[in-house]
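A.B. asks: For reference, the file upload.cif (mmCIF, C-alpha atoms) is included below:
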data_my_file
loop_
_atom_site.label_atom_id
_atom_site.label_comp_id
_atom_site.auth_asym_id
_atom_site.auth_seq_id
_atom_site.Cartn_x
_atom_site.Cartn_y
_atom_site.Cartn_z
CA MET T 1 116.30 89.11 68.82
CA ILE T 2 113.41 87.27 70.49
CA THR T 3 112.57 84.14 68.53
CA SER T 4 111.31 81.35 70.80
CA ASP T 5 108.21 81.24 72.98
CA THR T 6 110.46 80.79 76.00
CA ASP T 7 112.37 83.96 75.11
CA ILE T 8 109.07 85.82 74.81
CA ALA T 9 107.83 84.53 78.17
CA VAL T 10 111.08 85.56 79.88
CA ALA T 11 111.11 88.99 78.22
CA ALA T 12 107.46 89.60 79.09
CA ALA T 13 107.93 88.53 82.72
CA ARG T 14 110.97 90.77 83.02
CA ALA T 15 109.04 93.70 81.55
CA GLY T 16 106.32 93.22 84.14
CA ALA T 17 108.88 92.84 86.91
CA ASP T 18 110.54 96.12 85.90
CA VAL T 19 107.22 97.92 86.36
CA VAL T 20 106.49 96.24 89.69
CA ARG T 21 109.94 97.11 91.01
CA GLY T 22 109.75 100.68 89.71
CA LEU T 23 106.43 101.43 91.42
CA TYR T 24 107.29 99.75 94.71
CA GLY T 25 106.87 101.89 97.80
CA ARG T 26 104.64 104.48 96.15
CA ARG T 27 101.12 105.30 97.29
CA LEU T 28 99.11 103.46 94.65
CA ALA T 29 95.39 103.65 93.92
CA ARG T 30 93.51 100.41 94.59
CA ILE T 31 90.91 98.94 92.26
CA ASP T 32 88.24 97.03 94.18
CA LYS T 33 87.49 93.59 92.73
CA GLY T 34 84.99 92.55 95.41
CA ALA T 35 85.12 90.06 98.30
CA GLY T 36 88.12 91.87 99.79
CA ASP T 37 90.23 91.41 96.64
CA PHE T 38 91.82 94.33 94.85
CA ALA T 39 94.37 95.31 92.24
CA THR T 40 96.72 98.29 92.25
CA GLU T 41 97.99 100.59 89.57
CA ALA T 42 101.11 98.44 89.51
CA ASP T 43 99.07 95.32 88.55
CA VAL T 44 97.49 97.16 85.63
CA ALA T 45 100.71 98.82 84.43
CA ALA T 46 102.69 95.57 84.69
CA GLU T 47 100.06 93.69 82.67
CA LYS T 48 100.23 96.35 79.95
CA ALA T 49 104.02 95.99 79.77
CA ILE T 50 103.70 92.22 79.50
CA LEU T 51 101.03 92.43 76.80
CA ASP T 52 103.16 94.89 74.81
CA VAL T 53 105.92 92.26 74.59
CA ILE T 54 103.54 89.44 73.65
CA ARG T 55 101.65 91.49 71.07
CA ALA T 56 104.86 92.63 69.39
CA ALA T 57 106.16 89.07 69.07
CA ARG T 58 102.96 87.01 68.70
CA PRO T 59 100.15 89.37 67.62
CA GLY T 60 97.78 86.55 66.65
CA ASP T 61 97.82 84.76 70.02
CA THR T 62 95.03 84.89 72.61
CA VAL T 63 95.89 86.41 76.01
CA LEU T 64 94.08 85.90 79.31
CA GLY T 65 95.17 88.56 81.79
CA GLU T 66 94.32 88.74 85.47
CA GLU T 67 93.35 92.38 85.15
CA GLY T 68 92.27 92.85 81.53
CA GLY T 69 90.51 89.56 80.92
CA ARG T 70 90.61 87.66 77.63
CA ARG T 71 91.77 89.13 74.36
CA GLY T 72 91.18 86.73 71.51
CA ALA T 73 89.27 83.48 71.01
CA ALA T 74 88.54 81.40 74.10
CA ASP T 75 89.17 78.17 72.18
CA ALA T 76 92.47 79.29 70.62
CA ALA T 77 95.20 76.66 70.61
CA ARG T 78 97.78 79.22 71.72
CA GLN T 79 96.78 81.13 74.85
CA TRP T 80 98.96 83.23 77.13
CA LEU T 81 98.03 83.27 80.85
CA VAL T 82 99.24 86.41 82.60
CA ASP T 83 99.26 87.30 86.29
CA PRO T 84 101.18 90.60 86.38
CA LEU T 85 101.54 90.73 90.16
CA CYS T 86 101.02 87.57 92.15
CA GLY T 87 100.97 88.72 95.76
CA THR T 88 99.20 92.07 95.41
CA LEU T 89 98.36 92.24 99.12
CA ASN T 90 102.00 91.62 100.03
CA TYR T 91 103.10 94.31 97.59
CA ALA T 92 100.53 96.83 98.79
CA VAL T 93 101.77 96.61 102.37
CA GLY T 94 105.45 96.82 101.46
CA ASN T 95 106.32 93.12 101.35
CA MET T 96 108.60 92.08 98.50
CA LEU T 97 107.47 88.45 98.30
CA VAL T 98 105.71 88.75 94.95
CA ALA T 99 106.04 87.29 91.46
CA VAL T 100 105.16 88.02 87.84
CA ASN T 101 103.70 85.06 85.95
CA VAL T 102 103.61 84.49 82.20
CA ALA T 103 102.63 81.14 80.71
CA LEU T 104 101.77 79.95 77.21
CA ARG T 105 99.44 77.01 76.71
CA ASP T 106 99.93 75.67 73.20
CA GLY T 107 97.74 72.60 72.98
CA ALA T 108 99.10 70.24 75.64
CA ALA T 109 102.46 72.03 75.83
CA MET T 110 103.21 74.72 78.39
CA THR T 111 105.96 77.35 78.28
CA ALA T 112 106.31 79.63 81.28
CA ALA T 113 108.34 82.25 83.13
CA VAL T 114 108.08 83.46 86.72
CA ALA T 115 110.02 86.61 87.55
CA ASP T 116 111.05 87.70 91.04
CA PRO T 117 111.07 91.50 90.72
CA PHE T 118 113.24 92.06 93.77
CA GLY T 119 115.45 88.97 93.74
CA GLY T 120 116.29 89.55 90.07
CA GLU T 121 115.75 85.92 89.09
CA VAL T 122 113.54 84.54 86.33
CA PHE T 123 112.45 80.91 86.60
CA HIS T 124 111.51 79.56 83.18
CA THR T 125 110.67 76.41 81.24
CA ASP T 126 110.21 75.38 77.63
CA GLY T 127 107.86 72.64 78.83
CA THR T 128 110.58 70.00 78.96
CA HIS T 129 113.42 71.52 80.97
CA ALA T 130 113.46 74.20 83.66
CA TRP T 131 116.06 76.79 84.60
CA VAL T 132 116.60 79.86 86.75
CA ARG T 133 118.19 82.89 85.09
CA ASP T 134 120.22 85.30 87.18
CA GLY T 135 121.44 88.09 84.94
CA ALA T 136 122.34 86.35 81.68
CA VAL T 137 123.22 82.98 83.20
CA ASP T 138 120.87 79.99 83.27
CA ALA T 139 121.18 77.20 85.82
CA PRO T 140 118.99 74.07 85.83
CA LEU T 141 116.28 73.83 88.47
CA VAL T 142 116.91 70.85 90.75
CA PRO T 143 114.13 70.02 93.24
CA SER T 144 115.14 68.74 96.67
CA PRO T 145 113.24 67.95 99.88
CA ASP T 146 116.29 68.70 102.02
CA THR T 147 115.06 72.04 103.39
CA ARG T 148 111.97 70.32 104.89
CA LEU T 149 110.14 73.62 104.39
CA VAL T 150 106.56 73.34 103.12
CA ASP T 151 104.60 76.40 102.03
CA VAL T 152 100.89 76.10 102.82
CA ASN T 153 98.35 78.57 101.46
CA LEU T 154 95.96 79.44 104.29
CA ASP T 155 93.89 82.04 102.43
CA PRO T 156 90.10 81.55 102.38
CA PRO T 157 87.83 80.36 100.92
CA PHE T 158 88.22 76.68 101.75
CA PRO T 159 86.26 74.82 99.02
CA SER T 160 87.41 71.37 100.12
CA ALA T 161 86.47 71.77 103.81
CA PRO T 162 85.81 69.89 105.95
CA GLY T 163 87.63 67.19 104.00
CA PHE T 164 90.76 69.27 103.61
CA ARG T 165 91.91 72.48 105.26
CA GLY T 166 95.48 73.71 105.24
CA VAL T 167 95.35 74.49 108.95
CA ASP T 168 94.50 70.84 109.66
CA LEU T 169 97.58 69.71 107.75
CA LEU T 170 99.74 71.98 109.89
CA ALA T 171 98.18 70.51 113.03
CA HIS T 172 98.86 66.92 111.93
CA PRO T 173 101.47 65.44 114.33
CA GLY T 174 103.34 63.85 111.45
CA PHE T 175 103.72 67.20 109.72
CA GLY T 176 105.51 68.80 112.64
CA ALA T 177 107.72 65.75 113.06
CA ARG T 178 108.97 65.89 109.46
CA PHE T 179 108.42 69.40 108.03
CA ARG T 180 108.47 73.06 108.97
CA PRO T 181 105.67 75.32 107.73
CA ARG T 182 106.07 78.54 105.79
CA VAL T 183 103.30 80.77 104.42
CA VAL T 184 104.14 82.71 101.28
CA SER T 185 100.89 82.54 99.28
CA THR T 186 102.59 83.45 96.02
CA THR T 187 103.84 81.67 92.94
CA LEU T 188 107.35 82.18 94.28
CA ALA T 189 106.65 79.20 96.52
CA LEU T 190 106.17 76.93 93.49
CA ALA T 191 109.30 78.29 91.84
CA TRP T 192 111.18 77.62 95.05
CA VAL T 193 109.95 74.01 95.11
CA ALA T 194 111.31 73.57 91.58
CA ALA T 195 114.60 75.18 92.65
CA GLY T 196 115.08 73.02 95.75
CA ARG T 197 114.42 75.88 98.18
CA ARG T 198 111.18 74.36 99.41
CA ALA T 199 110.24 70.71 99.88
CA ALA T 200 106.62 71.26 98.83
CA TYR T 201 103.74 73.66 98.36
CA VAL T 202 100.11 72.95 99.28
CA THR T 203 96.97 74.93 98.53
CA ASP T 204 93.25 74.29 98.41
CA GLY T 205 91.17 75.37 95.44
CA GLY T 206 89.41 74.13 92.34
CA ASP T 207 91.00 73.12 89.04
CA LEU T 208 94.09 75.34 88.93
CA SER T 209 95.56 74.08 85.65
CA GLY T 210 94.16 77.03 83.68
CA SER T 211 94.62 79.64 86.40
CA VAL T 212 96.71 82.71 85.61
CA HIS T 213 97.95 82.46 89.20
CA PHE T 214 99.21 78.88 89.05
CA ALA T 215 99.79 77.76 85.43
CA ALA T 216 103.37 79.05 85.26
CA GLY T 217 104.34 77.56 88.62
CA ILE T 218 102.83 74.19 87.76
CA ALA T 219 104.72 74.15 84.47
CA LEU T 220 108.00 74.95 86.23
CA CYS T 221 107.55 72.23 88.82
CA ARG T 222 106.65 69.58 86.26
CA ALA T 223 109.54 70.43 83.95
CA ALA T 224 111.93 70.31 86.92
CA GLY T 225 110.69 66.80 87.83
CA CYS T 226 108.49 67.56 90.83
CA VAL T 227 105.39 65.50 91.68
CA VAL T 228 102.26 67.59 91.13
CA THR T 229 98.65 66.65 91.91
CA GLY T 230 95.59 68.16 93.52
CA VAL T 231 94.89 67.65 97.23
CA ASP T 232 92.63 64.80 96.07
CA GLY T 233 95.50 63.07 94.25
CA VAL T 234 94.10 63.86 90.78
CA ALA T 235 96.22 65.69 88.21
CA PRO T 236 95.23 69.38 87.91
CA GLU T 237 94.32 69.17 84.23
CA GLU T 238 92.14 66.14 84.96
CA GLY T 239 90.01 68.05 87.45
CA GLY T 240 92.15 67.79 90.55
CA ARG T 241 91.28 70.22 93.34
CA GLY T 242 93.91 72.54 94.74
CA LEU T 243 97.58 71.63 94.52
CA VAL T 244 100.26 69.53 96.15
CA ALA T 245 103.60 70.16 94.45
CA ALA T 246 106.44 68.19 96.04
CA ALA T 247 110.15 67.94 95.32
CA ASP T 248 110.04 64.15 95.17
CA ALA T 249 107.70 61.18 95.35
CA GLU T 250 108.48 60.43 99.00
CA THR T 251 107.59 63.93 100.15
CA HIS T 252 104.43 63.91 98.05
CA GLU T 253 103.33 60.53 99.37
CA LEU T 254 103.94 61.60 102.96
CA LEU T 255 101.93 64.80 102.58
CA MET T 256 99.10 62.95 100.85
CA SER T 257 98.99 60.44 103.70
CA MET T 258 98.46 63.34 106.12
CA ILE T 259 95.77 64.88 103.94
CA GLY T 260 94.16 61.55 103.02
CA PRO T 261 92.37 60.49 106.22
CA ARG T 262 90.33 63.72 106.20
CA ARG T 263 90.05 64.13 102.44
CA ASP T 264 86.54 64.31 100.99
CA CYS T 265 86.50 66.76 98.10
CA GLN T 266 83.14 65.79 96.63
#
Translate the structure of the given file into structure tokens.

C.D. replies:
Amino acid sequence: MITSDTDIAVAAARAGADVVRGLYGRRLARIDKGAGDFATEADVAAEKAILDVIRAARPGDTVLGEEGGRRGAADAARQWLVDPLCGTLNYAVGNMLVAVNVALRDGAAMTAAVADPFGGEVFHTDGTHAWVRDGAVDAPLVPSPDTRLVDVNLDPPFPSAPGFRGVDLLAHPGFGARFRPRVVSTTLALAWVAAGRRAAYVTDGGDLSGSVHFAAGIALCRAAGCVVTGVDGVAPEEGGRGLVAAADAETHELLMSMIGPRRDCQ
């Protein structure tokens, strides 16, 4: 029986992941969202499956879904943030690097789950501790910089340019001397930072603390003990722009030193 918010987040993420996996490889209708962005039938169906779980367990809570928008009061203390298919473009072209995000903001507390539909794992946190569930077994998430792999989101637009652009970070001589770049552009990258599979993740953007795309990943990284700020060094919930999530303080400081000389996010 589902009793805790964490259980609900995990169950909802798994329900969405089941839909995403089940529809993979089919010819799916696309729903144009403008500016080159789109959703697929899988996004919509996965969000419905997620909402069915949340509504059954917590019918009075507000939900903000990527596809369906807000259901409930905007100022509600308890608000679920749902991205049913993070990596829609990857999915639409047959790439399995996608994730299903479910997060609950309850005042200052954050509970979250990120499901990998094809890897079978669910990364989850109660806001204090973080684990990865494979089957029925939970293992603690342990960040590590040892891989030296840094995921950098290179998708436009670039709101912090010319002060910060991901491509400039990759061109920094110190970056190549210490790290190796990867480009995933999905919440899986944040989950992998928390799990020690990536040293860091960097993306431009505005305040991402309330984003359905990033809230779950940020919560995972923080609960696992990662260092998380914006590219301007400010905490996301304090108005920081974009995201630098690093496995440890040394990695974070080094990346910020590479971003810093060109940083001007005003």

A.B. asks: To one decimal in Å, tell me the separation between CA of Arg30 in chain T and CA of Asp83 in chain T.

C.D. replies: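 It comes out at 16.5 Å.
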
A.B. asks: Do you have the CA of Ala216 in chain T-CA of His124 in chain T distance handy?

C.D. replies: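 Pair CA of Ala216 in chain T / CA of His124 in chain T returns 8.4 Å.
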
A.B. asks: Just the residues within 8 Å of Asp43 in chain T, please, counting all atoms listed in the file, with nothing from its chain fewer than 5 positions along; format it as a list in words.

C.D. replies: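 Near neighbours after the sequence-gap exclusion: Val20, Glu67, Pro84, Leu85 and Thr88 of chain T.
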
A.B. asks: Pick out the residues sitting within 12 Å of Tyr91 in chain T, and hand them over as a CSV table (one decimal) with C-alpha atoms, keeping the file's coordinate frame; count only C-alpha atoms, and ignore anything fewer than 4 positions along from it in its own chain.

C.D. replies:
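The result, written out as selection38.csv:
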chain,number,residue,atom,x,y,z
T,20,VAL,CA,106.5,96.2,89.7
T,21,ARG,CA,109.9,97.1,91.0
T,23,LEU,CA,106.4,101.4,91.4
T,24,TYR,CA,107.3,99.8,94.7
T,25,GLY,CA,106.9,101.9,97.8
T,26,ARG,CA,104.6,104.5,96.2
T,27,ARG,CA,101.1,105.3,97.3
T,28,LEU,CA,99.1,103.5,94.6
T,30,ARG,CA,93.5,100.4,94.6
T,38,PHE,CA,91.8,94.3,94.8
T,39,ALA,CA,94.4,95.3,92.2
T,40,THR,CA,96.7,98.3,92.2
T,41,GLU,CA,98.0,100.6,89.6
T,42,ALA,CA,101.1,98.4,89.5
T,43,ASP,CA,99.1,95.3,88.6
T,84,PRO,CA,101.2,90.6,86.4
T,85,LEU,CA,101.5,90.7,90.2
T,86,CYS,CA,101.0,87.6,92.2
T,87,GLY,CA,101.0,88.7,95.8
T,95,ASN,CA,106.3,93.1,101.4
T,96,MET,CA,108.6,92.1,98.5
T,97,LEU,CA,107.5,88.4,98.3
T,98,VAL,CA,105.7,88.8,95.0
T,99,ALA,CA,106.0,87.3,91.5
T,100,VAL,CA,105.2,88.0,87.8
T,117,PRO,CA,111.1,91.5,90.7
T,118,PHE,CA,113.2,92.1,93.8
T,186,THR,CA,102.6,83.4,96.0

A.B. asks: Excluding same-chain residues fewer than 3 positions from Arg133 in chain T, what lies within 8 Å of it counting all atoms listed in the file, as a short mmCIF file (atom, residue, chain, number, x, y, z; two decimals) with C-alpha atoms, in the coordinates of the input?

C.D. replies:
data_model
loop_
_atom_site.label_atom_id
_atom_site.label_comp_id
_atom_site.auth_asym_id
_atom_site.auth_seq_id
_atom_site.Cartn_x
_atom_site.Cartn_y
_atom_site.Cartn_z
CA GLU T 121 115.75 85.92 89.09
CA VAL T 122 113.54 84.54 86.33
CA PHE T 123 112.45 80.91 86.60
CA HIS T 124 111.51 79.56 83.18
CA ALA T 136 122.34 86.35 81.68
CA VAL T 137 123.22 82.98 83.20
CA ASP T 138 120.87 79.99 83.27
CA ALA T 139 121.18 77.20 85.82
#

A.B. asks: Fewer than 6 positions away in the same chain doesn't count, so skip those; otherwise give me all residues within 6 Å of Ala224 in chain T, counting all atoms listed in the file, as a tab-separated table (two decimals) with C-alpha atoms, keeping the file's coordinate frame.

C.D. replies:
chain	number	residue	atom	x	y	z
T	130	ALA	CA	113.46	74.20	83.66
T	141	LEU	CA	116.28	73.83	88.47
T	194	ALA	CA	111.31	73.57	91.58

A.B. asks: Step by step, work through what the PyMOL selection byres ((chain T and resi 61-64) around 7) selects in the shown file, and finish by giving those residues as a PyMOL selection string.

C.D. replies: chain T and resi 58-60+65-66+69-73+76+78-82

A.B. asks: Between CA of Val212 in chain T and CA of Val231 in chain T, what is the distance, to one decimal in Å?

C.D. replies: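 Separating CA of Val212 in chain T from CA of Val231 in chain T is a distance of 19.1 Å.
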
A.B. asks: Name all residues at most 10 Å from Gly120 in chain T (count all atoms listed in the file; drop same-chain ones fewer than 6 positions away) and give them as a PDB file with C-alpha atoms, in the coordinates of the input.

C.D. replies:
ATOM      1  CA  ARG T  14     110.970  90.770  83.020  1.00  0.00           C
ATOM      2  CA  ALA T  17     108.880  92.840  86.910  1.00  0.00           C
ATOM      3  CA  ASP T  18     110.540  96.120  85.900  1.00  0.00           C
ATOM      4  CA  ARG T  21     109.940  97.110  91.010  1.00  0.00           C
ATOM      5  CA  ARG T 133     118.190  82.890  85.090  1.00  0.00           C
ATOM      6  CA  ASP T 134     120.220  85.300  87.180  1.00  0.00           C
ATOM      7  CA  GLY T 135     121.440  88.090  84.940  1.00  0.00           C
TER       8      GLY T 135
END

A.B. asks: Using only C-alpha atoms, pick whichever of T:Ala46, T:Ala77, T:Ala195, T:Leu104 has the shortest atom-to-atom distance to Ala9 in chain T.

C.D. replies: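 Between T:Ala46, T:Ala77, T:Ala195, T:Leu104, the residue approaching Ala9 in chain T most closely is T:Leu104.
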
A.B. asks: Looking at only C-alpha atoms, which of T:Val227, T:Asp232, T:Leu188, T:Met258 is the one that sits closest to Val167 in chain T?

C.D. replies: T:Met258

A.B. asks: Would you please work out which residue, of T:Pro159, T:Gly217, T:Gly119, T:Gly233, is nearest to Asp204 in chain T when using all atoms listed in the file?

C.D. replies: T:Pro159

A.B. asks: Which residues, named as in the file, does the PyMOL selection byres ((chain T and resi 108) around 10) pick out? Answer as a ChimeraX atom specification.

C.D. replies: /T:77-78,105-107,109-110,127,237

A.B. asks: Quick one: which residues end up in the PyMOL selection byres ((chain T and resi 148) around 9) for this structure, as a PDB file with C-alpha atoms, in the coordinates of the input?

C.D. replies:
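The file below, result28.pdb, is the result:
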ATOM      1  CA  SER T 144     115.140  68.740  96.670  1.00  0.00           C
ATOM      2  CA  PRO T 145     113.240  67.950  99.880  1.00  0.00           C
ATOM      3  CA  ASP T 146     116.290  68.700 102.020  1.00  0.00           C
ATOM      4  CA  THR T 147     115.060  72.040 103.390  1.00  0.00           C
ATOM      5  CA  LEU T 149     110.140  73.620 104.390  1.00  0.00           C
ATOM      6  CA  VAL T 150     106.560  73.340 103.120  1.00  0.00           C
ATOM      7  CA  ARG T 178     108.970  65.890 109.460  1.00  0.00           C
ATOM      8  CA  PHE T 179     108.420  69.400 108.030  1.00  0.00           C
ATOM      9  CA  ARG T 180     108.470  73.060 108.970  1.00  0.00           C
ATOM     10  CA  PRO T 181     105.670  75.320 107.730  1.00  0.00           C
ATOM     11  CA  ARG T 198     111.180  74.360  99.410  1.00  0.00           C
ATOM     12  CA  ALA T 199     110.240  70.710  99.880  1.00  0.00           C
ATOM     13  CA  ALA T 200     106.620  71.260  98.830  1.00  0.00           C
TER      14      ALA T 200
END

A.B. asks: Would you fill the gaps in range 25-48 of chain T so it has N, CA, C and O atoms, then print it as a tab-separated table (two decimals), in the frame of the given file?

C.D. replies:
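The resulting file, part-v2.tsv, is reproduced below:
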chain	number	residue	atom	x	y	z
T	25	GLY	N	106.73	100.89	96.75
T	25	GLY	CA	106.87	101.89	97.80
T	25	GLY	C	106.06	103.15	97.59
T	25	GLY	O	105.98	104.00	98.49
T	26	ARG	N	105.45	103.29	96.40
T	26	ARG	CA	104.64	104.48	96.15
T	26	ARG	C	103.22	104.28	96.69
T	26	ARG	O	102.77	103.16	96.88
T	27	ARG	N	102.53	105.37	96.91
T	27	ARG	CA	101.12	105.30	97.29
T	27	ARG	C	100.31	105.05	96.02
T	27	ARG	O	100.18	105.95	95.17
T	28	LEU	N	99.78	103.85	95.88
T	28	LEU	CA	99.11	103.46	94.65
T	28	LEU	C	97.60	103.34	94.85
T	28	LEU	O	97.14	102.83	95.89
T	29	ALA	N	96.85	103.80	93.87
T	29	ALA	CA	95.39	103.65	93.92
T	29	ALA	C	95.03	102.17	93.85
T	29	ALA	O	95.70	101.38	93.17
T	30	ARG	N	93.99	101.79	94.59
T	30	ARG	CA	93.51	100.41	94.59
T	30	ARG	C	92.22	100.30	93.78
T	30	ARG	O	91.39	101.20	93.81
T	31	ILE	N	92.09	99.21	93.07
T	31	ILE	CA	90.91	98.94	92.26
T	31	ILE	C	90.17	97.78	92.90
T	31	ILE	O	90.65	96.65	92.93
T	32	ASP	N	89.00	98.05	93.45
T	32	ASP	CA	88.24	97.03	94.18
T	32	ASP	C	87.71	95.98	93.23
T	32	ASP	O	87.08	96.28	92.21
T	33	LYS	N	87.96	94.70	93.56
T	33	LYS	CA	87.49	93.59	92.73
T	33	LYS	C	86.42	92.77	93.45
T	33	LYS	O	85.97	91.74	92.96
T	34	GLY	N	86.03	93.23	94.65
T	34	GLY	CA	84.99	92.55	95.41
T	34	GLY	C	85.54	91.47	96.31
T	34	GLY	O	86.64	90.95	96.10
T	35	ALA	N	84.76	91.13	97.35
T	35	ALA	CA	85.12	90.06	98.30
T	35	ALA	C	86.48	90.29	98.94
T	35	ALA	O	87.21	89.33	99.25
T	36	GLY	N	86.85	91.56	99.13
T	36	GLY	CA	88.12	91.87	99.79
T	36	GLY	C	89.32	91.85	98.87
T	36	GLY	O	90.44	92.16	99.28
T	37	ASP	N	89.12	91.48	97.59
T	37	ASP	CA	90.23	91.41	96.64
T	37	ASP	C	90.37	92.76	95.94
T	37	ASP	O	89.40	93.51	95.78
T	38	PHE	N	91.59	93.07	95.54
T	38	PHE	CA	91.82	94.33	94.85
T	38	PHE	C	93.07	94.23	93.98
T	38	PHE	O	93.90	93.34	94.15
T	39	ALA	N	93.16	95.14	93.03
T	39	ALA	CA	94.37	95.31	92.24
T	39	ALA	C	94.91	96.70	92.52
T	39	ALA	O	94.22	97.54	93.11
T	40	THR	N	96.14	96.95	92.13
T	40	THR	CA	96.72	98.29	92.25
T	40	THR	C	97.10	98.79	90.86
T	40	THR	O	97.07	98.05	89.88
T	41	GLU	N	97.50	100.04	90.83
T	41	GLU	CA	97.99	100.59	89.57
T	41	GLU	C	99.17	99.80	89.04
T	41	GLU	O	99.38	99.70	87.82
T	42	ALA	N	99.95	99.22	89.94
T	42	ALA	CA	101.11	98.44	89.51
T	42	ALA	C	100.67	97.18	88.77
T	42	ALA	O	101.30	96.77	87.78
T	43	ASP	N	99.59	96.51	89.23
T	43	ASP	CA	99.07	95.32	88.55
T	43	ASP	C	98.72	95.66	87.10
T	43	ASP	O	99.08	94.94	86.16
T	44	VAL	N	97.98	96.76	86.95
T	44	VAL	CA	97.49	97.16	85.63
T	44	VAL	C	98.65	97.56	84.71
T	44	VAL	O	98.71	97.16	83.55
T	45	ALA	N	99.58	98.35	85.23
T	45	ALA	CA	100.71	98.82	84.43
T	45	ALA	C	101.63	97.66	84.05
T	45	ALA	O	102.15	97.60	82.92
T	46	ALA	N	101.84	96.71	84.98
T	46	ALA	CA	102.69	95.57	84.69
T	46	ALA	C	102.05	94.68	83.62
T	46	ALA	O	102.74	94.17	82.73
T	47	GLU	N	100.73	94.50	83.70
T	47	GLU	CA	100.06	93.69	82.67
T	47	GLU	C	100.19	94.34	81.30
T	47	GLU	O	100.41	93.65	80.29
T	48	LYS	N	100.07	95.66	81.23
T	48	LYS	CA	100.23	96.35	79.95
T	48	LYS	C	101.62	96.13	79.38
T	48	LYS	O	101.79	95.88	78.18
